[in-house]
>>> print(open('start-v9.txt').read())   # compact mmCIF, C-alpha atoms and all ligand atoms
# COMPACT_ATOMS: atom_id res chain seq x y z
CA MET A 1 20.03 -38.86 17.98
CA VAL A 2 21.53 -37.79 21.32
CA GLN A 3 23.67 -40.50 22.92
CA GLN A 4 21.73 -42.20 25.72
CA LYS A 5 23.26 -42.15 29.19
CA LYS A 6 23.75 -45.73 30.39
CA ILE A 7 23.00 -46.90 33.91
CA ALA A 8 23.40 -50.26 35.64
CA ILE A 9 21.12 -51.54 38.38
CA LEU A 10 22.56 -53.70 41.16
CA ALA A 11 19.90 -55.78 42.94
CA SER A 12 19.70 -58.87 45.14
CA GLY A 13 16.01 -59.46 45.71
CA ALA A 14 12.50 -58.98 44.39
CA GLY A 15 13.52 -56.27 41.96
CA SER A 16 10.39 -54.14 41.91
CA ASN A 17 12.49 -50.96 41.73
CA ALA A 18 14.55 -52.46 38.91
CA VAL A 19 11.36 -53.22 36.98
CA ASN A 20 10.08 -49.69 37.63
CA LEU A 21 13.32 -48.11 36.41
CA ILE A 22 13.38 -50.25 33.25
CA ASN A 23 9.75 -49.36 32.53
CA ARG A 24 10.56 -45.70 33.03
CA PHE A 25 13.81 -45.55 31.06
CA ASN A 26 14.00 -48.28 28.40
CA SER A 27 12.03 -46.72 25.60
CA THR A 28 13.73 -45.56 22.42
CA ASP A 29 13.19 -41.85 23.05
CA SER A 30 14.51 -41.89 26.64
CA PRO A 31 17.81 -40.07 27.23
CA ILE A 32 18.67 -42.68 29.88
CA HIS A 33 18.92 -46.44 29.34
CA VAL A 34 19.28 -49.36 31.75
CA ALA A 35 22.16 -51.17 30.05
CA THR A 36 22.41 -54.06 32.49
CA VAL A 37 21.19 -55.48 35.77
CA ILE A 38 23.78 -57.13 38.00
CA THR A 39 23.09 -59.45 40.92
CA ASN A 40 25.01 -61.33 43.59
CA ARG A 41 22.25 -63.91 44.13
CA VAL A 42 21.92 -66.74 41.65
CA LYS A 43 18.20 -67.21 42.42
CA ALA A 44 17.18 -63.56 42.88
CA ALA A 45 13.70 -62.93 41.50
CA VAL A 46 15.05 -59.79 39.84
CA ARG A 47 16.84 -61.97 37.26
CA GLU A 48 13.76 -63.54 35.78
CA LYS A 49 11.76 -60.31 35.90
CA THR A 50 14.30 -58.11 34.16
CA GLU A 51 15.34 -60.74 31.60
CA ALA A 52 11.64 -61.07 30.69
CA MET A 53 11.76 -57.34 29.91
CA GLY A 54 14.67 -57.89 27.53
CA VAL A 55 17.39 -56.55 29.83
CA GLU A 56 20.36 -58.78 30.54
CA CYS A 57 20.97 -59.76 34.17
CA LEU A 58 24.56 -60.66 34.98
CA TYR A 59 25.31 -62.82 38.01
CA PHE A 60 28.66 -62.59 39.77
CA PRO A 61 29.47 -65.02 42.60
CA LYS A 62 30.91 -63.98 45.96
CA ASP A 63 34.61 -64.16 45.08
CA GLU A 64 34.08 -61.80 42.17
CA TRP A 65 32.33 -59.29 44.46
CA LEU A 66 35.29 -59.43 46.82
CA SER A 67 37.72 -58.27 44.14
CA GLY A 68 35.21 -56.33 42.05
CA HIS A 69 37.39 -56.32 38.93
CA GLU A 70 35.05 -58.37 36.72
CA VAL A 71 32.10 -56.22 37.79
CA VAL A 72 33.98 -53.01 36.93
CA LYS A 73 35.00 -54.51 33.58
CA ALA A 74 31.38 -55.40 32.74
CA LEU A 75 30.23 -51.87 33.64
CA GLN A 76 32.95 -50.17 31.62
CA GLU A 77 32.42 -52.43 28.60
CA ARG A 78 28.78 -51.31 28.54
CA GLY A 79 29.61 -47.61 28.91
CA VAL A 80 27.80 -47.33 32.25
CA GLU A 81 27.98 -43.82 33.74
CA LEU A 82 25.92 -44.28 36.90
CA VAL A 83 25.52 -47.34 39.12
CA VAL A 84 22.10 -47.56 40.78
CA LEU A 85 21.58 -49.84 43.78
CA ALA A 86 18.03 -51.12 44.28
CA GLY A 87 17.87 -53.62 47.11
CA PHE A 88 21.48 -54.73 46.71
CA LEU A 89 22.60 -56.65 49.77
CA ALA A 90 26.39 -56.93 49.62
CA MET A 91 29.33 -54.63 50.22
CA ILE A 92 30.44 -52.62 47.22
CA PRO A 93 34.05 -53.62 46.45
CA ASN A 94 36.77 -50.96 46.60
CA ALA A 95 37.56 -51.47 42.92
CA LEU A 96 34.02 -50.34 42.10
CA LEU A 97 34.13 -47.36 44.50
CA GLU A 98 37.40 -46.27 42.91
CA ALA A 99 36.17 -46.72 39.32
CA TYR A 100 32.89 -44.83 39.96
CA PRO A 101 33.58 -42.08 42.53
CA ASP A 102 30.33 -40.21 43.33
CA LYS A 103 28.67 -42.27 40.62
CA ILE A 104 27.07 -44.95 42.79
CA VAL A 105 23.70 -44.24 44.39
CA ASN A 106 21.45 -46.20 46.72
CA ILE A 107 17.88 -45.96 47.91
CA HIS A 108 17.09 -46.72 51.53
CA PRO A 109 13.50 -47.19 52.76
CA SER A 110 13.65 -44.81 55.76
CA LEU A 111 14.60 -41.26 56.59
CA LEU A 112 18.32 -41.71 57.27
CA PRO A 113 20.06 -41.44 59.66
CA ARG A 114 17.08 -43.14 61.32
CA HIS A 115 17.01 -46.89 60.84
CA GLY A 116 20.11 -47.33 58.71
CA GLY A 117 23.19 -49.50 59.07
CA LYS A 118 23.93 -53.19 59.10
CA GLY A 119 20.87 -55.45 59.19
CA MET A 120 18.54 -52.57 58.30
CA TYR A 121 17.03 -53.66 55.01
CA GLY A 122 13.61 -54.60 53.66
CA ILE A 123 10.90 -55.36 56.19
CA HIS A 124 13.35 -54.99 59.13
CA VAL A 125 13.46 -51.25 58.48
CA HIS A 126 9.68 -50.88 58.62
CA GLU A 127 9.49 -53.04 61.77
CA ALA A 128 12.06 -50.75 63.42
CA VAL A 129 10.12 -47.60 62.42
CA LEU A 130 6.94 -49.00 63.99
CA ALA A 131 8.75 -50.22 67.11
CA ALA A 132 10.25 -46.74 67.58
CA GLY A 133 6.81 -45.11 67.27
CA ASP A 134 7.98 -42.71 64.55
CA ALA A 135 5.28 -40.43 63.15
CA ARG A 136 6.95 -40.31 59.71
CA SER A 137 8.99 -42.55 57.48
CA GLY A 138 10.05 -42.28 53.87
CA ILE A 139 12.97 -42.75 51.52
CA THR A 140 16.56 -41.57 51.32
CA ILE A 141 18.56 -41.53 48.10
CA HIS A 142 22.25 -41.19 48.82
CA TYR A 143 25.73 -41.73 47.46
CA ILE A 144 27.55 -44.90 48.41
CA ASN A 145 30.83 -44.86 50.26
CA GLU A 146 32.67 -47.50 52.25
CA HIS A 147 30.22 -47.31 55.21
CA TYR A 148 26.67 -48.68 55.12
CA ASP A 149 24.09 -45.95 54.52
CA GLN A 150 26.46 -43.09 55.38
CA GLY A 151 27.21 -41.51 51.99
CA ALA A 152 26.05 -37.94 51.30
CA ILE A 153 22.28 -37.59 51.05
CA ILE A 154 20.93 -36.53 47.65
CA ALA A 155 17.19 -36.48 48.36
CA GLN A 156 14.62 -37.53 50.95
CA ARG A 157 10.84 -37.83 50.71
CA ALA A 158 8.57 -38.47 53.69
CA CYS A 159 5.23 -40.18 54.25
CA PRO A 160 3.13 -40.51 57.39
CA VAL A 161 3.12 -43.59 59.60
CA MET A 162 -0.51 -44.51 60.35
CA PRO A 163 -1.63 -45.75 63.78
CA ASP A 164 -2.85 -49.05 62.32
CA ASP A 165 0.18 -49.66 60.07
CA THR A 166 1.79 -53.07 59.86
CA PRO A 167 5.33 -53.41 58.47
CA GLU A 168 3.71 -54.51 55.20
CA THR A 169 1.32 -51.53 54.83
CA LEU A 170 4.13 -49.12 55.65
CA ALA A 171 6.40 -50.89 53.14
CA GLU A 172 3.76 -50.39 50.46
CA ARG A 173 3.55 -46.62 51.16
CA VAL A 174 7.33 -46.31 51.11
CA HIS A 175 7.62 -48.34 47.89
CA ALA A 176 5.20 -45.92 46.21
CA LEU A 177 7.60 -43.08 47.06
CA GLU A 178 10.51 -45.11 45.67
CA TYR A 179 8.76 -45.73 42.35
CA GLU A 180 7.89 -42.05 41.97
CA TYR A 181 11.14 -40.41 43.06
CA TYR A 182 14.04 -42.77 42.25
CA PRO A 183 13.65 -42.29 38.45
CA GLN A 184 13.29 -38.51 38.97
CA VAL A 185 16.46 -38.23 41.04
CA ILE A 186 18.45 -40.42 38.62
CA SER A 187 17.31 -38.21 35.73
CA GLN A 188 18.32 -35.11 37.66
CA LEU A 189 21.78 -36.53 38.41
CA LEU A 190 22.46 -37.51 34.80
CA LEU A 191 20.73 -34.76 32.89
CA GLY A 192 20.75 -31.85 35.36
C1 LIG B 1 13.60 -51.15 48.57
O1 LIG B 1 12.69 -50.87 49.59
C2 LIG B 1 14.81 -50.28 48.67
O2 LIG B 1 14.59 -49.08 49.32
C3 LIG B 1 15.74 -51.11 49.51
O3 LIG B 1 15.47 -52.43 49.18
C4 LIG B 1 14.15 -52.55 48.70
C5 LIG B 1 14.22 -53.26 47.39
O4 LIG B 1 12.95 -53.63 46.93
N1 LIG B 1 17.10 -50.70 49.32
P1 LIG B 1 12.81 -54.22 45.48
O5 LIG B 1 13.76 -55.41 45.36
O6 LIG B 1 13.16 -53.14 44.52
O7 LIG B 1 11.38 -54.65 45.36
>>> encode(input="start-v9.txt", output="structure tokens", more="lines below")
Ligand code: GRF
Amino acid sequence: MVQQKKIAILASGAGSNAVNLINRFNSTDSPIHVATVITNRVKAAVREKTEAMGVECLYFPKDEWLSGHEVVKALQERGVELVVLAGFLAMIPNALLEAYPDKIVNIHPSLLPRHGGKGMYGIHVHEAVLAAGDARSGITIHYINEHYDQGAIIAQRACPVMPDDTPETLAERVHALEYEYYPQVISQLLLG
């Protein structure tokens, strides 16, 4: 059997993308496997959800995210090749950026560079899109570097913004794009 490529998911919140990626990848015949989920929030809903699916969820407290060494050790011990952020709300430590150059990807729920940067996460992004009167929104999958949402863009997919959209209805449309395209882009990056 061909060796599976291992990925880790970093998440802080609800974890619906984490669940989607595990559903997509963690079958025996998949060439990609979610080896671990890692969180910085002790009570993140993602913990319970992914553990219920049989995937470990490691929690590291703030001081360990500041140095990053324990996180890097956990990733390397599990043979992780690609680090996948899915609603992860903390800075990535330098130790992790150095250990995984061009091997850390994020998904952002807008068409960057619109509505990125500090404070732009979750429902705040969709509120900003509506407040700006944008005709389109979507997703951006990009590499992570030391600046929020400024790493090289790998892929973008757009959806319309409807006149009667609320932040919640727009979020739902954008989430549907995330569920469809994040697994595809991860597969492309690892398998070509
Ligand atoms: C997603 O919209 C993703 O684009 C952003 O954070 C959200 C996470 O949602 N980075 P979930 O925790 O996967 O449900």
>>> residues_near_point(input="start-v9.txt", point="(10.7, -39.5, 43.8)", cutoff="10 Å", atoms="only C-alpha atoms", output="ChimeraX atom specification")
/A:139-141,155-157,176-186
>>> closest_atom_pairs(input="start-v9.txt", of="chain A", to="ligand LIG 1 (chain B)", cutoff="7 Å", atoms="only C-alpha atoms and all ligand atoms", output="tab-separated table")
residue	atom	partner	partner_atom	distance
A:Ala11	CA	B:LIG1	O5	6.6
A:Ser12	CA	B:LIG1	O5	6.9
A:Gly13	CA	B:LIG1	O5	4.6
A:Ala14	CA	B:LIG1	O5	3.9
A:Gly15	CA	B:LIG1	O5	3.5
A:Ser16	CA	B:LIG1	O7	3.6
A:Asn17	CA	B:LIG1	O6	3.6
A:Ala18	CA	B:LIG1	O6	5.8
A:Ala86	CA	B:LIG1	N1	5.1
A:Gly87	CA	B:LIG1	O3	3.4
A:Phe88	CA	B:LIG1	N1	6.5
A:Asn106	CA	B:LIG1	N1	6.8
A:Ile107	CA	B:LIG1	O2	4.7
A:His108	CA	B:LIG1	O2	4.1
A:Pro109	CA	B:LIG1	O2	4.1
A:Tyr121	CA	B:LIG1	O3	6.2
A:Gly122	CA	B:LIG1	O3	5.3
A:Ile139	CA	B:LIG1	O2	6.9
A:His175	CA	B:LIG1	O1	5.9
A:Glu178	CA	B:LIG1	O2	6.8
>>> write_last_selection(input="start-v9.txt", atoms="C-alpha atoms", output="JSON list (two decimals), in the frame of the given file")
[["chain", "number", "residue", "atom", "x", "y", "z"],
["A", 11, "ALA", "CA", 19.90, -55.78, 42.94],
["A", 12, "SER", "CA", 19.70, -58.87, 45.14],
["A", 13, "GLY", "CA", 16.01, -59.46, 45.71],
["A", 14, "ALA", "CA", 12.50, -58.98, 44.39],
["A", 15, "GLY", "CA", 13.52, -56.27, 41.96],
["A", 16, "SER", "CA", 10.39, -54.14, 41.91],
["A", 17, "ASN", "CA", 12.49, -50.96, 41.73],
["A", 18, "ALA", "CA", 14.55, -52.46, 38.91],
["A", 86, "ALA", "CA", 18.03, -51.12, 44.28],
["A", 87, "GLY", "CA", 17.87, -53.62, 47.11],
["A", 88, "PHE", "CA", 21.48, -54.73, 46.71],
["A", 106, "ASN", "CA", 21.45, -46.20, 46.72],
["A", 107, "ILE", "CA", 17.88, -45.96, 47.91],
["A", 108, "HIS", "CA", 17.09, -46.72, 51.53],
["A", 109, "PRO", "CA", 13.50, -47.19, 52.76],
["A", 121, "TYR", "CA", 17.03, -53.66, 55.01],
["A", 122, "GLY", "CA", 13.61, -54.60, 53.66],
["A", 139, "ILE", "CA", 12.97, -42.75, 51.52],
["A", 175, "HIS", "CA", 7.62, -48.34, 47.89],
["A", 178, "GLU", "CA", 10.51, -45.11, 45.67]]
>>> atom_distance(input="start-v9.txt", atom1="CA of Cys57 in chain A", atom2="CA of Ala99 in chain A")
20.7 Å
>>> atom_distance(input="start-v9.txt", atom1="CA of Glu127 in chain A", atom2="CA of Leu112 in chain A")
15.1 Å
>>> axis_aligned_box(input="start-v9.txt", around="range 174-179 of chain A", padding_each_side="8 Å", output="lines of an AutoDock Vina configuration file")
center_x = 7.9
center_y = -45.7
center_z = 46.7
size_x = 21.3
size_y = 21.3
size_z = 24.8
>>> closest_residue(input="start-v9.txt", among="A:Gln150, A:Asn94, A:Asn145, A:Ser27", to="Gly117 in chain A", atoms="only C-alpha atoms")
A:Gln150
>>> residues_around(input="start-v9.txt", residues="Thr39 in chain A", least_positions_apart="3", cutoff="10 Å", atoms="all atoms listed in the file", output="PyMOL selection string")
chain A and resi 9-13+42-44+46-47+57-61+65+87-90
>>> closest_residue(input="start-v9.txt", among="A:Ile7, A:Met53, A:Ile104, A:Ile22", to="Gly151 in chain A", atoms="only C-alpha atoms")
A:Ile104
>>> residues_around(input="start-v9.txt", residues="Val72 in chain A", least_positions_apart="2", cutoff="9 Å", atoms="only C-alpha atoms", output="list of chain:residue names")
A:Gly68, A:His69, A:Glu70, A:Ala74, A:Leu75, A:Gln76, A:Glu77, A:Ala95, A:Leu96, A:Ala99, A:Tyr100
>>> residues_around(input="start-v9.txt", residues="Ser67 in chain A", least_positions_apart="3", cutoff="7 Å", atoms="all atoms listed in the file", output="list in words")
Asp63, Glu64, Pro93 and Ala95 of chain A
>>> atom_distance(input="start-v9.txt", atom1="CA of Glu168 in chain A", atom2="CA of Arg114 in chain A")
18.6 Å
>>> closest_residue(input="start-v9.txt", among="A:Lys49, A:His126, A:Arg136, A:Lys6", to="Leu82 in chain A", atoms="all atoms listed in the file")
A:Lys6
>>> closest_residue(input="start-v9.txt", among="A:Ala52, A:Ala35, A:Leu189, A:Met91", to="Lys118 in chain A", atoms="all atoms listed in the file")
A:Met91
>>> closest_residue(input="start-v9.txt", among="A:Glu81, A:Glu48, A:Glu56, A:Asp165", to="Gln4 in chain A", atoms="only C-alpha atoms")
A:Glu81
>>> residues_around(input="start-v9.txt", residues="Ala152 in chain A", least_positions_apart="6", cutoff="8 Å", atoms="all atoms listed in the file", output="list in words")
His142, Tyr143 and Ile144 of chain A
>>> build_atoms(input="start-v9.txt", residues="range 42-53 of chain A", atoms="all heavy atoms", output="PDB file, in the coordinates of the input")
ATOM      1  N   VAL A  42      22.214 -65.945  42.846  1.00  0.00           N
ATOM      2  CA  VAL A  42      21.920 -66.740  41.650  1.00  0.00           C
ATOM      3  C   VAL A  42      20.411 -66.909  41.438  1.00  0.00           C
ATOM      4  O   VAL A  42      19.941 -66.955  40.307  1.00  0.00           O
ATOM      5  CB  VAL A  42      22.691 -68.082  41.706  1.00  0.00           C
ATOM      6  CG1 VAL A  42      22.125 -69.032  42.744  1.00  0.00           C
ATOM      7  CG2 VAL A  42      22.746 -68.724  40.343  1.00  0.00           C
ATOM      8  N   LYS A  43      19.648 -66.976  42.553  1.00  0.00           N
ATOM      9  CA  LYS A  43      18.200 -67.210  42.420  1.00  0.00           C
ATOM     10  C   LYS A  43      17.355 -65.974  42.654  1.00  0.00           C
ATOM     11  O   LYS A  43      16.151 -66.086  42.895  1.00  0.00           O
ATOM     12  CB  LYS A  43      17.781 -68.307  43.391  1.00  0.00           C
ATOM     13  CG  LYS A  43      18.290 -69.677  42.971  1.00  0.00           C
ATOM     14  CD  LYS A  43      17.688 -70.769  43.816  1.00  0.00           C
ATOM     15  CE  LYS A  43      18.181 -72.110  43.314  1.00  0.00           C
ATOM     16  NZ  LYS A  43      18.149 -73.142  44.344  1.00  0.00           N
ATOM     17  N   ALA A  44      17.958 -64.786  42.628  1.00  0.00           N
ATOM     18  CA  ALA A  44      17.180 -63.560  42.880  1.00  0.00           C
ATOM     19  C   ALA A  44      16.045 -63.433  41.880  1.00  0.00           C
ATOM     20  O   ALA A  44      16.241 -63.630  40.675  1.00  0.00           O
ATOM     21  CB  ALA A  44      18.099 -62.346  42.807  1.00  0.00           C
ATOM     22  N   ALA A  45      14.872 -63.073  42.377  1.00  0.00           N
ATOM     23  CA  ALA A  45      13.700 -62.930  41.500  1.00  0.00           C
ATOM     24  C   ALA A  45      13.919 -61.842  40.451  1.00  0.00           C
ATOM     25  O   ALA A  45      13.335 -61.885  39.364  1.00  0.00           O
ATOM     26  CB  ALA A  45      12.460 -62.609  42.336  1.00  0.00           C
ATOM     27  N   VAL A  46      14.787 -60.884  40.777  1.00  0.00           N
ATOM     28  CA  VAL A  46      15.050 -59.790  39.840  1.00  0.00           C
ATOM     29  C   VAL A  46      15.585 -60.320  38.499  1.00  0.00           C
ATOM     30  O   VAL A  46      15.344 -59.714  37.451  1.00  0.00           O
ATOM     31  CB  VAL A  46      16.037 -58.768  40.470  1.00  0.00           C
ATOM     32  CG1 VAL A  46      17.431 -59.357  40.659  1.00  0.00           C
ATOM     33  CG2 VAL A  46      16.116 -57.491  39.641  1.00  0.00           C
ATOM     34  N   ARG A  47      16.250 -61.441  38.502  1.00  0.00           N
ATOM     35  CA  ARG A  47      16.840 -61.970  37.260  1.00  0.00           C
ATOM     36  C   ARG A  47      15.763 -62.270  36.238  1.00  0.00           C
ATOM     37  O   ARG A  47      15.786 -61.795  35.106  1.00  0.00           O
ATOM     38  CB  ARG A  47      17.608 -63.273  37.531  1.00  0.00           C
ATOM     39  CG  ARG A  47      18.888 -63.057  38.280  1.00  0.00           C
ATOM     40  CD  ARG A  47      19.700 -64.326  38.346  1.00  0.00           C
ATOM     41  NE  ARG A  47      20.517 -64.531  37.169  1.00  0.00           N
ATOM     42  CZ  ARG A  47      21.364 -65.531  37.018  1.00  0.00           C
ATOM     43  NH1 ARG A  47      21.465 -66.453  37.973  1.00  0.00           N
ATOM     44  NH2 ARG A  47      22.080 -65.646  35.946  1.00  0.00           N
ATOM     45  N   GLU A  48      14.821 -63.106  36.693  1.00  0.00           N
ATOM     46  CA  GLU A  48      13.760 -63.540  35.780  1.00  0.00           C
ATOM     47  C   GLU A  48      12.931 -62.348  35.293  1.00  0.00           C
ATOM     48  O   GLU A  48      12.610 -62.240  34.107  1.00  0.00           O
ATOM     49  CB  GLU A  48      12.852 -64.514  36.531  1.00  0.00           C
ATOM     50  CG  GLU A  48      12.194 -65.528  35.658  1.00  0.00           C
ATOM     51  CD  GLU A  48      11.475 -66.542  36.508  1.00  0.00           C
ATOM     52  OE1 GLU A  48      12.103 -67.133  37.426  1.00  0.00           O
ATOM     53  OE2 GLU A  48      10.271 -66.717  36.274  1.00  0.00           O
ATOM     54  N   LYS A  49      12.622 -61.443  36.243  1.00  0.00           N
ATOM     55  CA  LYS A  49      11.760 -60.310  35.900  1.00  0.00           C
ATOM     56  C   LYS A  49      12.402 -59.389  34.863  1.00  0.00           C
ATOM     57  O   LYS A  49      11.768 -58.957  33.915  1.00  0.00           O
ATOM     58  CB  LYS A  49      11.450 -59.478  37.143  1.00  0.00           C
ATOM     59  CG  LYS A  49      10.504 -60.151  38.108  1.00  0.00           C
ATOM     60  CD  LYS A  49      10.198 -59.215  39.268  1.00  0.00           C
ATOM     61  CE  LYS A  49       9.505 -59.955  40.380  1.00  0.00           C
ATOM     62  NZ  LYS A  49       9.457 -59.186  41.614  1.00  0.00           N
ATOM     63  N   THR A  50      13.687 -59.087  35.063  1.00  0.00           N
ATOM     64  CA  THR A  50      14.300 -58.110  34.160  1.00  0.00           C
ATOM     65  C   THR A  50      14.669 -58.766  32.820  1.00  0.00           C
ATOM     66  O   THR A  50      14.565 -58.128  31.774  1.00  0.00           O
ATOM     67  CB  THR A  50      15.533 -57.440  34.818  1.00  0.00           C
ATOM     68  OG1 THR A  50      16.460 -58.444  35.225  1.00  0.00           O
ATOM     69  CG2 THR A  50      15.117 -56.621  36.012  1.00  0.00           C
ATOM     70  N   GLU A  51      15.053 -60.045  32.861  1.00  0.00           N
ATOM     71  CA  GLU A  51      15.340 -60.740  31.600  1.00  0.00           C
ATOM     72  C   GLU A  51      14.061 -60.830  30.748  1.00  0.00           C
ATOM     73  O   GLU A  51      14.119 -60.684  29.527  1.00  0.00           O
ATOM     74  CB  GLU A  51      15.937 -62.117  31.860  1.00  0.00           C
ATOM     75  CG  GLU A  51      17.426 -61.991  32.185  1.00  0.00           C
ATOM     76  CD  GLU A  51      18.068 -63.296  32.671  1.00  0.00           C
ATOM     77  OE1 GLU A  51      17.354 -64.302  32.868  1.00  0.00           O
ATOM     78  OE2 GLU A  51      19.289 -63.285  32.857  1.00  0.00           O
ATOM     79  N   ALA A  52      12.918 -61.018  31.419  1.00  0.00           N
ATOM     80  CA  ALA A  52      11.640 -61.070  30.690  1.00  0.00           C
ATOM     81  C   ALA A  52      11.334 -59.742  30.013  1.00  0.00           C
ATOM     82  O   ALA A  52      10.558 -59.683  29.058  1.00  0.00           O
ATOM     83  CB  ALA A  52      10.503 -61.453  31.633  1.00  0.00           C
ATOM     84  N   MET A  53      11.964 -58.666  30.514  1.00  0.00           N
ATOM     85  CA  MET A  53      11.760 -57.340  29.910  1.00  0.00           C
ATOM     86  C   MET A  53      12.816 -57.047  28.853  1.00  0.00           C
ATOM     87  O   MET A  53      12.902 -55.935  28.326  1.00  0.00           O
ATOM     88  CB  MET A  53      11.819 -56.263  30.994  1.00  0.00           C
ATOM     89  CG  MET A  53      10.751 -56.410  32.052  1.00  0.00           C
ATOM     90  SD  MET A  53      11.019 -55.250  33.419  1.00  0.00           S
ATOM     91  CE  MET A  53      10.169 -53.805  32.792  1.00  0.00           C
TER      92      MET A  53
END
